[in-house]
Structure formats: C-alpha cells, structure tokens
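Chemist: One structure is given below, represented as structure tokens, and several questions about it will come after.
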Amino acid sequence: MLNILILCPIVAAILALLGAPARPAALLASLINLVVALLALFQYDKTGPAFQFVSEFGILPEWRLTYLVGADGLSLLMLLLTAIVTFAAVWVTPAVARLEKQFYACLLFISAGAMGAFASVDLFFFYAFHELALIPTFLLIGIWGSGDRQSAAWKITIYLALGSFILLLGLIGLYQSVPVAARTFDIRALQELAAAGKIHPASANGVYLLLLIGFGILISLFPFHTWAPKAYASAPTPAAMLHAGVLKKFGLYGLLRVALPLLPDAARHWTHLLIILLIGNIIYIGLVTISQKRLDMMLGYSSVMHMGYIFLGIASLNTLGLNGAALLMFAHGLSIAALFAIAGQVGRRTETLAFEDLGGLAKPMPFLGFAFGLAAFASIGLPGFANFASEILVFFGAFQSHVAGSPFFGFRLATVLALWGVVISAVYMLRAYKAVFMGELPGRWSALPDLKFSLRLPIVLLLATLLFAGFCPRVFLAFLAPSVKAASFRETLS
Amino acid sequence: MMPAIYLEAIVLTLGVLLVLMEAFSNSEEKTPVAWLGIVGLTFVFILTFFTANDLSASPYSAFYHADFRAIFFKRFALLTTIVVLVLSIEYRGVVQKYVFGSRPQAGLGEFYALPVFTCAGLMWMASAVDFIMIFVSLELVTISFYILVAYMRRNAGSLEAGVKYLILSALSTGFFVYGITWIYGVTGQTSLEKIGAILLGLKVSHGPLLFGFMLVLTGLGFKIACAPFQIWVPDVYQGAPTPVTAFLSVGSKAAGFIVLMRVAEVFLPVPWINHKAVTILVALAALSLLYGNLAAMPQHNLKRLMAYSSIAHAGYILIAVACIGSRYANIAVSFYLAGYLLMTLLTFLVMAAVANQAGGDDIVHFNGLGKRSPYLAFAMLAAMASLAGIPLTVGFFGKFLIFYVAYEKGQFLLMGIGVLTVAAGFYYYFKVVRAMYWKEPADDTPVRTSPLTGATIAALAFCIFFLGVYPAPVIRALEGPPSDNPRLLAR
Amino acid sequence: MNLNDYLAVSGLLFAIGFAGVMLRRNIIIIFMCLELMLNAANLSLVAFSRFHVSAAGLPDYNGQMLVFFIITVAAAEVAVGLAVIVSLYRARRTTHVEDITSMKF
C-alpha cells in the first residue's frame with residue numbers, strides 16, 4: 001500500500017517524460033495517492049503494532065540494510081499531508097509555457113521523495129528518498145522560477161546539499177554507535193536498542209548535534225535559514241507549496257522519528273542550544289518578516305518563523321509538546337501551502353507582489369480575499385484552525401517542561417517569548433492582508449477575474465482540512481499519541 | 001573453472017590479432033577492428049565469471065593473486081576498455097582529421113588496438129602482488145598511454161598533452177622504481193607478502209625503508225592524480241583525445257589505486273609506519289579534496305572540469321585508503337572506483353556525442369541540451385547527479401561508504417573537509433545541469449548518436465541508478481557470497 | 001668498496017637526474033635526466049643484490065631480474081617518448097618547455 005504511494009508518482013513522472021499527457025498523468029497520480037493515503041488512514045489499526053503496512057526487500061542483509069516501508073500514526077499523518085498538498089499543487093499549476101513534461105515530472109519526483117521519506121522505516125532510504133527532491137527543486141526554481149531565480153536556486157541547492165551531508169554523517173554516527181553485532185538501519189530495531197540502553201552514550205551528544213545541524217539546515221533553523229525565503233519567493237507556486245508545505249517537514253519528522261527517540265539524553269543535553277536557536281527563529285525572523293515588502297518574501301520568512309514553534313514543541317520533550325509539534329507540522333504544511341497557492345494566483349493576475357503596488361484586491365476577487373484571510377488566520381493561530389489547537393499544546397507542553405538543574409527558567413522564558421511571536425505573526429499577516437486586499441484599488445486592476453470555480457477546489461480542500469483538524473484535533477491526536485508515546489521518551493515532568 | 005591468468009593471455013592475443021588485422025587487411029574501413037575488439041573483450045568479460053577465484057596452490061601465487069578483488073578489477077578494466085572502444089568509434093572523425101595518412105582511415109586501426117594492450121596491463125596489475133610484476137604492468141599501461149595521449153599528431157593540444165604526460169609520468173616511474181629499490185634493499189624481497197612478513201618483524205623505525213615507502217607513495221600519487229602530484233592532469237585531460245581522457249581518468253586511476261591498496265595493506269599494519277603514513281595520506285586526501293573541488297569551480301571547459309573533478313575524486317578515495325584497517329575500507333575504495341567508472345564514462349560518452357555536433361566541449365556547448373535531445377540530457381543529468389553524490393545513485397553509495405569508514409576510523413578532519421567539498425562539488429556539476437536545462441540552445445537540431453553509443457549510454461545510466469539502489473552485486477563481487485565469508489557468518 | 005659507496009653514487013645520480021628534470025628547459029635533456037633516474041635505481045638494485053648474499057654464497061637474483069625489466073621498459077619508453085618529442089618538434093619547431101603552453105588554467 002505504501003509502495004503505491006511512492007511508485008505512483010514516479011511511474012507517472014516517467015510516463016510524462018516519455019510523452020504521455022503530462023497534466024492528466026500528474027493529476028491522476030496525485031488523486032490516486034490521496035485516495036490511497038486516506039484509505040491507509042482508515043485501515044490503520046490503532047490497537048495494533050506501531051508500524052503497519054510493512055513491506056521490505058533486503059538490499060544488503062549483512063549490513064541490515066533493507067528497503068523497508070511502514071507507517072505509524074505520525075508517518076500516516078505526514079503521508080496524508082503530502083498527498084493533499086501534492087494534489088493541490090498539481091491542480092493549481094497554471095499552463096506551463098516551456099518544458100511542460102519536465103515540470104510535472106519534477107513535481108511528481110518531489111512528491112515521491114517526500115512519500116518515500118515519510119514511509120521509510122530504514123534510515124538509509126529515509127535519507128535517500130528525501131534527497132530525490134534536490135535536483136527537481138534546482139530545476140524547478142532555475143527553469144520556471146521568477147525574480148532572482150538563479151541565485152535562489154544555487155543557494156537552496158548548495159545549502160541543502162551541505163545540510164544533507166552533515167545529516168549523513170550524523171546518521172552514520174548513529175548506525176555506528178551501537179555494538180557491531182547489533183548494527184542495523186531498521187528504525188524499529190534501533191528504537192528497541194535505544195530502550196535497552198545499547199546506544200553508546202559517549203558518542204550520543206556528538207551524533208545528536210550533527211543530526212540537529214543537518215536537520216536544522218533542512219528545516220531552516222535559525223541561523224541556517226537564509227536559503228529558504230529567497231527560494232520560496234522565486235520558486236514557481238507549486239514548487240513553493242510542496243517545498244514549504246511538505247519537504248521542510250522532513251527534517252522535523254526526522255527529529256521526531258530518529259533523533260529524539262534514539263538519543264533522548266543527548267536531546268536533553270542540547271536543549272539550551274535549541275531553545276536559543278528557536279527563539280532566534282521566532283523573534284528575530286518574526287521581526288524580519290514584519291519588515292518584508294513583498295508578499296512572497298513575507299510568506300517565505302513566515303514559514304521560517306513558524307518552524308520555531310515546532311522546535312519549541314520538540315524541545316519540550318514531553319508528550320503534550322511533542323503531540324503539539326507533530327500536529328503543528330501537519331497544520332503548518334496545509335496553511336503555508338494555501339497561502340502560497342493564493343499568493344501565486346494573485347501574482348499571476350497582478351504580475352507584482354510588492355505591497356506598495358497592491359491594494360483593494362478583495363473587491364474584484366472576493367474569493368481569493370476570503371481564502372487568504374482564512375489562511376492568514378490559520379497561520380496566526382486563531383481558534384478554530386488546527387494551528388491553534390497544536391500551538392496551544394506546544395505552549396502548554398513547553399511551559400510545563402524544564403531542564404533539570406537549569407539555572408534559569410529557560411522554558412518558561414522561551415514560552416513567553418514565543419507567545420509574543422503570535423503577536424508578531426498577527427502583525428505581519430494582518431498588515432499583508434491589509435496591503436493586498438484592503439485599501440484603494442488601483443484602477444487598472446478593477447476588472448481582474450476572481451479565481452475560477454475549478455481552481456477553488458484545491459484551496460477549499462486545504463482550508464477545510466485545517467478547519468476540520470481545528471475543530472476535532474482529537475481525531476488526529478488519536479493517531480499521533482500512540483506513536484509519540486511508543487517512541488518511549490522518558491518524561492521530564494517532575 | 002579456468003585459471004585467471006588465461007584472461008590476460010586471451011586479451012593480449014586479441015590485441016596482437018587486432019594489430020595484425022590492421023596491418024594485413026586490405027579494407028579501407030577500420031571500424032571492424034574496433035568491433036572485433038569490443039566483441040572479444042565482451043567475451044573475456046563473460047569468461048571472468050567462470051574463473052577460479054583462488055590460485056593459492058598455483059605456481060604463480062608468489063606474484064599473481066586472483067582473489068575477489070583482482071577479478072573485480074579485471075572486469076573493471078574490461079568494461080572500461082569496451083566503453084572506450086565505443087567512444088573511439090564515436091570519436092573517429094576527430095582522430096581522422098588530425099592524423100595524416102595516405103588513405104582516409106589510415107592510423108585508426110592502432111587507435112582501436114592500443115587500448116586492448118592497456119587493458120591487458122590493467123588486468124595484470126589487478127593481480128600483481130610482486131613489485132616486479134607491478135612495475136612491468138604499470139609500465140605496459142603507461143607506455144601505451146604515451147602513444148594514445150599524443151595520438152592526434154597534427155593537433156598541437158594532443159602533442160603538448162603527450163609530452164607533458166610523458167615527462168611527468170616518467171618522473172613518477174623514476175620515483176616508484178627508486179622506492180622499490182630501497183624497499184628491496186632493506187628487506188631483500190620484492191614480493192609484497194614476504195615484505196609484509198619481514199616488516200612485522202621490524203620493531204623500530206627504519207629510515208631507509210620509510211624513505212622507500214614514501215618514494216613509492218609519490219610515484220603512485222602521480223598515477224592516481226592526487227594533489228600535490230596533480231600538475232599534469234588538467235592539461236593532459238584537456239589535450240588528449242576524448243576516449244583517451246576517459247580511459248586515463250578511469251583506467252589509470254583505478255590501476256594506481258589498486259596498487260596503492262595492495263602496498264598500503266602491507267605497510268599500514270606496521271605500527272611505526274602506520275602513524276606517519278596515515279598522516280601523509282590524510283594530508284594528500286585533504287589537499288586533493290580542496291584543490292580539486294576549488295579549482296573545478298571556475299572552469300568553462302567540461303574536459304578540464306572533469307580533470308579537476310578527477311583530482312577531487314582521488315581525494316575522496318584517499319580518505320578510504322587512509323582508513324585501511326577499517327573493515328570496509330577496501331570495499332569503499334573499490335566501490336567508489338566502480339561508481340566513478342560508470343559516471344565518468346557516461347559523461348565522456350555524452351560529451352563526445354555533443355562535441356561531435358557542437359564542435360567543442362565547453363560547458364556552453366551543452367546549452368539547451370534538455371530541449372535538443374532530452375535523452376542525452378537525462379543521461380548527463382544522471383552522470384552529474386552521481387558525480388555530485390545524490391542519493392539513489394551509485395556515486396552517493398560510494399560517498400556513503402567513504403564517510404562510513406572515515407567515521408569508523410575517527411577521521412573527523414577529513415569528514416569535515418569532505419562534507420564542505422561535496423557541497424562545493426554540487427556547484428560545478430550543477431553548472432552543467434544548468435546549461436542543459438536553464439539555458440536556451442544555440443540551435444534546435446537534435447544531437448545524433450549511433451545506436452551503439454545510445455545503447456551504451458542507456459546501459460551506463462541504468463547501472464548508475466540500479467547500483468545506487470541495489471549495490472549488492474558489486475559488494476558481492478568484492479567480498480564473495482556471504483556464506484563464503486567467515487566474518488559475516490560470525491554475526 | 002662497500003654497499004654505502006654504491007648507494008651514494010646511485011643517490012647522486014638520482015639527485016642529478018631529478019634536478020635536471022626540474023631545472024632544464026630542453027625536453028631532450030629532461031628526457032635524458034629521466035633515464036638517469038632509472039639508471040640510479042638500476043645501480044643501487046645491482047649493489048643491493050650483490051651484497052644480499054644467500055647461504056649458498058650466491059647473490060640475490062631477484063634484484064637483478066628487476067634491473068633487466070627496468071632496462072627493457074626504459075628502452076620502450078625512449079622509443080615511444082622520442083617519437084612523441086620528434087612529432088612535437090615537427091609540429092611546433094621547438095623542444096623548449098617554455099614554448100608549449102597553449103593550455104592554461
């Protein structure tokens with residue numbers, strides 16, 4: 001079942017490259033994936049073993065290197081996110097002027113890579129699948145991007161390459177930090193080893209730092225974030241949706257799936273560093289976001305800033321915070337994808353995204369205005385959206401947490417600062433809304449068409465999922481809780 | 001099961017046959033020589049699978065080993081030569097232009113026959129475990145390369161490359177031989193096995209021996225093209241005919257590395273050598289990584305870029321050589337070389353096809369290849385992705401193994417430099433990708449390739465992805481099936 | 001005459017050869033110096049071989065074998081190398097290394 005999720009986009013991409021009609025193939029593949037992901041979610045047995053739908057194929061048995069896919073609640077949620085965002089991204093893709101086949105193939109490869117990474121239970125393939133997106137991203141931004149696409153494409157490629165090779169060192173270190181006879185790439189087996197205390201404590205801190213920096217670069221953790229806003233601003237809309245919405249979650253997912261459960265003590269050891277960096281994300285990037293003068297750059301920075309909340313949940317190391325972080329990953333993926341989709345539509349009509357040129361667009365385009373408003377509210381974290389539910393969990397979790405023997409109330413301070421972050425995000429989101437959709441409408445834009453009905457569907461899909469998860473977070477938490485608990489964190493609550 | 005030594009005999013006979021065919025055939029058409037070479041070498045390649053792996057009881061065992069690694073590198077040499085011959089057929093127009101002859105294809109026959117002799121040398125070297133044998137096979141390879149590099153004798157670039165290669169290669173031979181002399185002088189042996197036994201008996205530092213070892217290392221440094229012995233590489237790669245450049249970058253490097261491995265395995269276990277030798281290897285690796293990757297960044301000519309990239313890859317492989325003693329160091333070196341073979345040859349094949357039409361091998365000549373011929377562009381994309389080290393390609397698995405052994409041995413400096421230079425590598429390999437896909441083509445005519453070249457490109461590209469996902473066949477060929485391996489059974 | 005004398009001469013030969021390769025500008029001379037380096041190796045090999053006397057009182061012939069191989073290889077190298085140099089001379093009318101710099105970084 002999970003193999004379908006991975007193979008379907010790849011097959012569609014190859015067919016498209018070989019000459020099949022590209023857009024129908026991509027749409028069909030992403031629709032199939034959406035259905036399969038939903039089906040998997042419904043079939044998942046919450047009382048059964050943690051990882052289900054397991055299938056494997058031995059690659060190097062003596063190294064315990066296996067192609068091994070399986071899913072628990074956390075990965076199912078991420079797979080669902082990937083499926084939804086891919087579907088929406090493919091749907092909102094406007095007509096592609098040149099190299100259409102390659103465009104859809106690139107999108108599908110990114111999707112396949114994300115699916116593979118979230119479905120893999122083997123460290124090697126977990127890593128390798130994520131990198132499948134590297135070349136397509138380079139091509140998408142370089143060929144079809146806008147603005148300063150060249151430097152943006154170089155920057156994201158080289159940054160991500162650097163980050164992923166640091167990550168590779170971390171994963172190799174993780175593999176080697178268990179006794180030779182027990183070495184394995186199987187995450188389940190590694191978790192058992194970690195629970196049994198077989199992971200060499202001497203190397204744990206170093207390995208965790210490598211993982212944190214490696215994943216951190218991929219997630220755009222402050223101060224490794226500079227690639228992100230530029231790349232998202234230049235990337236074509238579907239690529240920005242997929243990358244900001246889904247791919248960036250890979251790093252967070254990796255922290256939740258690999259780094260924390262396997263190296264809990266090291267995670268505690270580096271908590272202070274992480275808190276300082278995430279405050280950088282929330283406050284510093286938040287302020288930078290306020291000063292942005294273009295909608296796409298603002299969205300890019302806002303997506304960097306929101307990573308801070310997820311990091312806060314992860315840093316809290318307790319059930320509440322981790323559940324919140326996991327749910328926030330899902331919610332943020334949907335809301336940022338919706339925002340980029342709307343910004344892309346606005347940009348296509350007005351051909352500029354600078355705040356000073358825009359204004360009053362809600363009049364000719366009421367639907368886009370309304371949808372942007374909803375997505376902005378979600379992104380700020382207003383009640384009713386999934387972002388609210390998860391941020392509340394993160395804040396409660398973080399506020400309760402504290403580091404043993406810490407000389408200052410790191411977490412309380414961080415939580416309070418992060419709450420101010422909500423205010424910051426309200427400021428920039430509402431300012432953006434005002435600059436784009438309110439105020440005086442320049443005369444040349446009075447006849448701009450609103451979004452076609454068919455194109456409204458993907459945006460409605462994204463927002464509806466957000467609302468649903470906001471009103472019934474319990475449905476999703478029921479999936480998350482066992483897998484977060486199964487990760488066997490020792491609670492730091494005292 | 002036949003003895004492995006027959007393989008070299010067959011290849012040599014094939015080479016002589018090709019030369020005779022060239023000399024006595026009345027036909028103006030010389031391409032059949034290359035075809036016969038390809039068919040013959042493919043036949044030998046199949047034979048390698050029916051070769052006895054162990055020759056411990058044979059009369060040659062003092063100087064000739066046919067272990068898994070030797071057979072693996074014999075296949076490696078055969079495969080390289082086959083692709084080089086394919087490449088030579090694709091490239092024959094250029095050679096014809098620069099070789100004077102009374103008849104149109106005069107001089108092409110030897111161009112097809114010489115690589116077969118080089119191949120015999122490479123195959124022999126894979127098995128040689130005695131300094132005399134190593135020296136002779138190394139020279140067979142080197143001298144045939146002298147001719148091949150300078151082959152286009154009406155082309156100033158080729159001649160210049162030939163002279164530079166001649167001088168620096170002969171210089172390295174001088175160092176190598178003088179080093180052997182000193183090792184022989186101290187131990188009284190030329191067989192690596194016996195030298196190893198004597199070395200383990202020497203408990204204190206022995207100056208002359210160390211001197212000899214360093215000279216051997218210098219000589220090999222030239223062959224594997226690592227900094228600071230890399231000076232010949234860019235000019236020779238750029239000037240030599242493209243098939244020869246491909247052969248040089250793969251064959252010559254692989255030959256250097258297998259000898260280096262055999263020598264290092266004898267010398268590194270000795271405690272008082274180990275410390276110094278590892279320091280030197282680490283320094284060489286770090287220098288090669290930095291120099292190769294940094295100097296490759298501003299290049300505009302793809303052949304020259306590949307030259308610097310070849311220095312950089314020598315650096316990555318040297319990381320694993322410096323970690324000999326780790327259980328997987330040999331596998332890392334050999335696997336990386338195998339991957340390097342696939343991706344480099346693929347690059348040169350596409351380059352030859354494009355250069356044939358565009359009239360040059362600068363990166364600008366690749367502009368818009370994605371539109372002109374998507375098939376070639378995709379193959380090139382695969383090669384570049386693999387050279388850069390993107391997962392699910394063979395190049396990534398090679399780098400994974402390299403970093404794996406480096407981590408195991410705690411070579412943190414090299415790991416740090418390695419990671420930084422990998423990121424730098426993305427820049428210059430992706431420059432080619434950018435040219436192919438971002439840029440508009442100068443003209444829209446598709447690049448034509450012969451069916452043979454097309455099929456070879458497809459096969460190489462397929463192998464890059466297949467071995468990147470499922471590397472087991474190569475590992476098996478190096479280690480033997482798991483059941484034969486006591487170490488793995490012990491688990 | 002003991003072993004050290006031979007080795008000193010051989011070392012001198014090697015050093016002269018190497019210095020010649022590095023310092024001289026004429027390709028023919030450089031090539032001669034390269035041969036000098038190989039012959040330095042030959043000399044010390046023969047010396048080592050003579051002074052490694054086996055129990056039966058015979059020299060160790062392993063080293064002398066290598067000498068023959070080196071001589072053969074050197075002859076082949078000269079044959080090919082001179083041919084390359086001659087064709088360079090024909091094409092460029094020069095045998096000076098300063099003049100062959102058509103390829104630059």
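Residue numbers start at 1 in each chain; chains themselves are named A, B, ... in the order of the structure tokens; ligands are numbered from 1 in the order shown.
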Can you build me a table of segment 143-261 of chain B residues sitting at most 12 Å from segment 65-71 of chain C, with the closest atom pair per residue and its distance in Å to one decimal, using only C-alpha atoms, sorted by chain and residue number, as CSV?
Modeler:
residue,atom,partner,partner_atom,distance
B:Thr173,CA,C:Ile70,CA,10.1
B:Gly174,CA,C:Ile70,CA,10.1
B:Phe176,CA,C:Ile70,CA,11.4
B:Val177,CA,C:Ile70,CA,8.4
B:Tyr178,CA,C:Ile70,CA,10.9
B:Ile180,CA,C:Leu66,CA,9.7
B:Thr181,CA,C:Leu66,CA,9.2
B:Tyr184,CA,C:Leu66,CA,10.2
B:Gln189,CA,C:Leu66,CA,11.2
B:Thr190,CA,C:Leu66,CA,9.0
B:Ser191,CA,C:Leu66,CA,11.8
Chemist: Return as a PyMOL selection string the residues belonging to chain A that are within 6 Å of chain B, counting only C-alpha atoms.
Modeler: chain A and resi 59-60+128+143+158+161-162+165+181
Chemist: Using only C-alpha atoms, which of C:Asn26, C:Ala41, C:Phe14, C:Phe48 sits nearest Asn2 of chain C?
Modeler: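 Among the listed residues, the smallest separation from Asn2 of chain C belongs to C:Phe48.
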Chemist: Just give me the gap between atom CA of Val11 of chain A and atom CA of Ala461 of chain B in Å, one decimal is fine.
Modeler: 17.6 Å
Chemist: Quick check: residues of chain C within 7 Å of chain B, only C-alpha atoms, returned as a PyMOL selection string.
Modeler: chain C and resi 31+34+37-38+41+44-45+48+52+66+73+77+80-81+84-85+87-88+91+100+103
Chemist: For those residues, write C-alpha atoms to a file as a PDB file, in the first residue's frame.
Modeler:
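To be explicit, this is the file written out as out-v9.pdb:
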ATOM      1  CA  PHE C  31      64.244  13.070 -21.059  1.00  0.00           C
ATOM      2  CA  LEU C  34      64.674  10.849 -16.553  1.00  0.00           C
ATOM      3  CA  MET C  37      66.958   8.440 -12.575  1.00  0.00           C
ATOM      4  CA  LEU C  38      66.048   4.967 -13.783  1.00  0.00           C
ATOM      5  CA  ALA C  41      67.715   2.741  -9.446  1.00  0.00           C
ATOM      6  CA  SER C  44      71.507   0.509  -6.385  1.00  0.00           C
ATOM      7  CA  LEU C  45      69.487  -2.598  -7.258  1.00  0.00           C
ATOM      8  CA  PHE C  48      71.825  -4.464  -3.098  1.00  0.00           C
ATOM      9  CA  HIS C  52      72.488  -9.747  -0.167  1.00  0.00           C
ATOM     10  CA  LEU C  66      64.158  -6.206 -11.829  1.00  0.00           C
ATOM     11  CA  VAL C  73      60.989  -0.777 -20.032  1.00  0.00           C
ATOM     12  CA  GLU C  77      59.895   4.369 -23.005  1.00  0.00           C
ATOM     13  CA  VAL C  80      57.879   5.988 -27.674  1.00  0.00           C
ATOM     14  CA  GLY C  81      59.000   9.149 -25.917  1.00  0.00           C
ATOM     15  CA  VAL C  84      56.410  11.929 -29.368  1.00  0.00           C
ATOM     16  CA  ILE C  85      59.090  14.564 -28.959  1.00  0.00           C
ATOM     17  CA  SER C  87      56.435  14.862 -33.730  1.00  0.00           C
ATOM     18  CA  LEU C  88      56.143  17.777 -31.340  1.00  0.00           C
ATOM     19  CA  ALA C  91      54.571  20.499 -35.382  1.00  0.00           C
ATOM     20  CA  ILE C 100      54.438  24.584 -25.069  1.00  0.00           C
ATOM     21  CA  MET C 103      46.674  25.334 -22.386  1.00  0.00           C
TER      22      MET C 103
END
Chemist: Which of segment 105-337 of chain B end up as helix (DSSP H, G or I) when DSSP is run on this backbone - answer as a ChimeraX atom specification?
Modeler: /B:108-127,131-149,156-187,192-201,207-224,233-239,242-267,271-296,302-322,329-337
Chemist: Using only C-alpha atoms, which residues sit within 9 Å of Leu457 of chain A once same-chain residues fewer than 5 positions away are excluded, as a list in words?
Modeler: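 Skipping anything fewer than 5 positions along the chain leaves Ala88, Trp91 and Leu462 of chain A.
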Chemist: Excluding Cys226 of chain B and any residue of its chain fewer than 3 positions from it, enumerate the residues within 8 Å of it, using only C-alpha atoms, and give them as a list in words.
Modeler: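 Listed by chain and then number, they are Gly221, Phe222, Phe229, Gln230, Leu284, Ala285, Leu287, Ser288, Ile311, Ala312, Ala314 and Gly315 of chain B.
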Chemist: Given the selection you just returned, output its residues as a file containing N, CA and C atoms, formatted as a tab-separated table (two decimals), in the first residue's frame.
Modeler:
chain	number	residue	atom	x	y	z
B	221	GLY	N	51.19	8.52	-6.28
B	221	GLY	CA	50.43	9.77	-6.23
B	221	GLY	C	50.24	10.37	-7.61
B	222	PHE	N	51.29	10.28	-8.45
B	222	PHE	CA	51.16	10.77	-9.83
B	222	PHE	C	50.11	9.96	-10.58
B	229	PHE	N	50.54	16.07	-6.62
B	229	PHE	CA	51.17	15.47	-7.81
B	229	PHE	C	50.20	15.53	-8.99
B	230	GLN	N	49.37	16.56	-8.99
B	230	GLN	CA	48.28	16.59	-9.96
B	230	GLN	C	48.61	17.48	-11.15
B	284	LEU	N	47.42	14.20	1.92
B	284	LEU	CA	47.20	14.11	0.48
B	284	LEU	C	45.71	14.20	0.17
B	285	ALA	N	44.91	13.49	0.97
B	285	ALA	CA	43.47	13.48	0.71
B	285	ALA	C	42.90	14.88	0.89
B	287	LEU	N	44.43	17.77	0.72
B	287	LEU	CA	44.89	18.66	-0.36
B	287	LEU	C	44.12	18.41	-1.64
B	288	SER	N	43.98	17.12	-2.00
B	288	SER	CA	43.30	16.80	-3.25
B	288	SER	C	41.86	17.28	-3.21
B	311	ILE	N	40.68	14.84	-9.80
B	311	ILE	CA	41.56	15.07	-8.65
B	311	ILE	C	40.74	15.00	-7.36
B	312	ALA	N	39.56	15.65	-7.40
B	312	ALA	CA	38.72	15.66	-6.21
B	312	ALA	C	38.29	14.25	-5.82
B	314	ALA	N	39.87	11.54	-6.48
B	314	ALA	CA	41.04	10.87	-5.90
B	314	ALA	C	41.12	11.19	-4.42
B	315	GLY	N	40.77	12.45	-4.08
B	315	GLY	CA	40.78	12.82	-2.67
B	315	GLY	C	39.80	12.00	-1.86
Chemist: Excluding same-chain residues fewer than 4 positions from Gln357 of chain B, what lies within 9 Å of it counting only C-alpha atoms, as a ChimeraX atom specification?
Modeler: /B:352-353,447-448
Chemist: Just C-alpha atoms for this one: save the residues we selected as a PDB file, in the first residue's frame.
Modeler:
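Final file, again.pdb:
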ATOM      1  CA  ALA B 352      31.779  13.080 -27.294  1.00  0.00           C
ATOM      2  CA  ALA B 353      28.339  12.936 -28.863  1.00  0.00           C
ATOM      3  CA  VAL B 447      22.218  15.592 -31.310  1.00  0.00           C
ATOM      4  CA  ARG B 448      22.505  12.342 -33.178  1.00  0.00           C
TER       5      ARG B 448
END
Chemist: Could you list, as a list in words, every residue within 7 Å of Asp60 of chain C, counting only C-alpha atoms and ignoring same-chain residues fewer than 6 positions away?
Modeler: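 The neighbour list is Ser49, Arg50, His52, Val53 and Ser54 of chain C.
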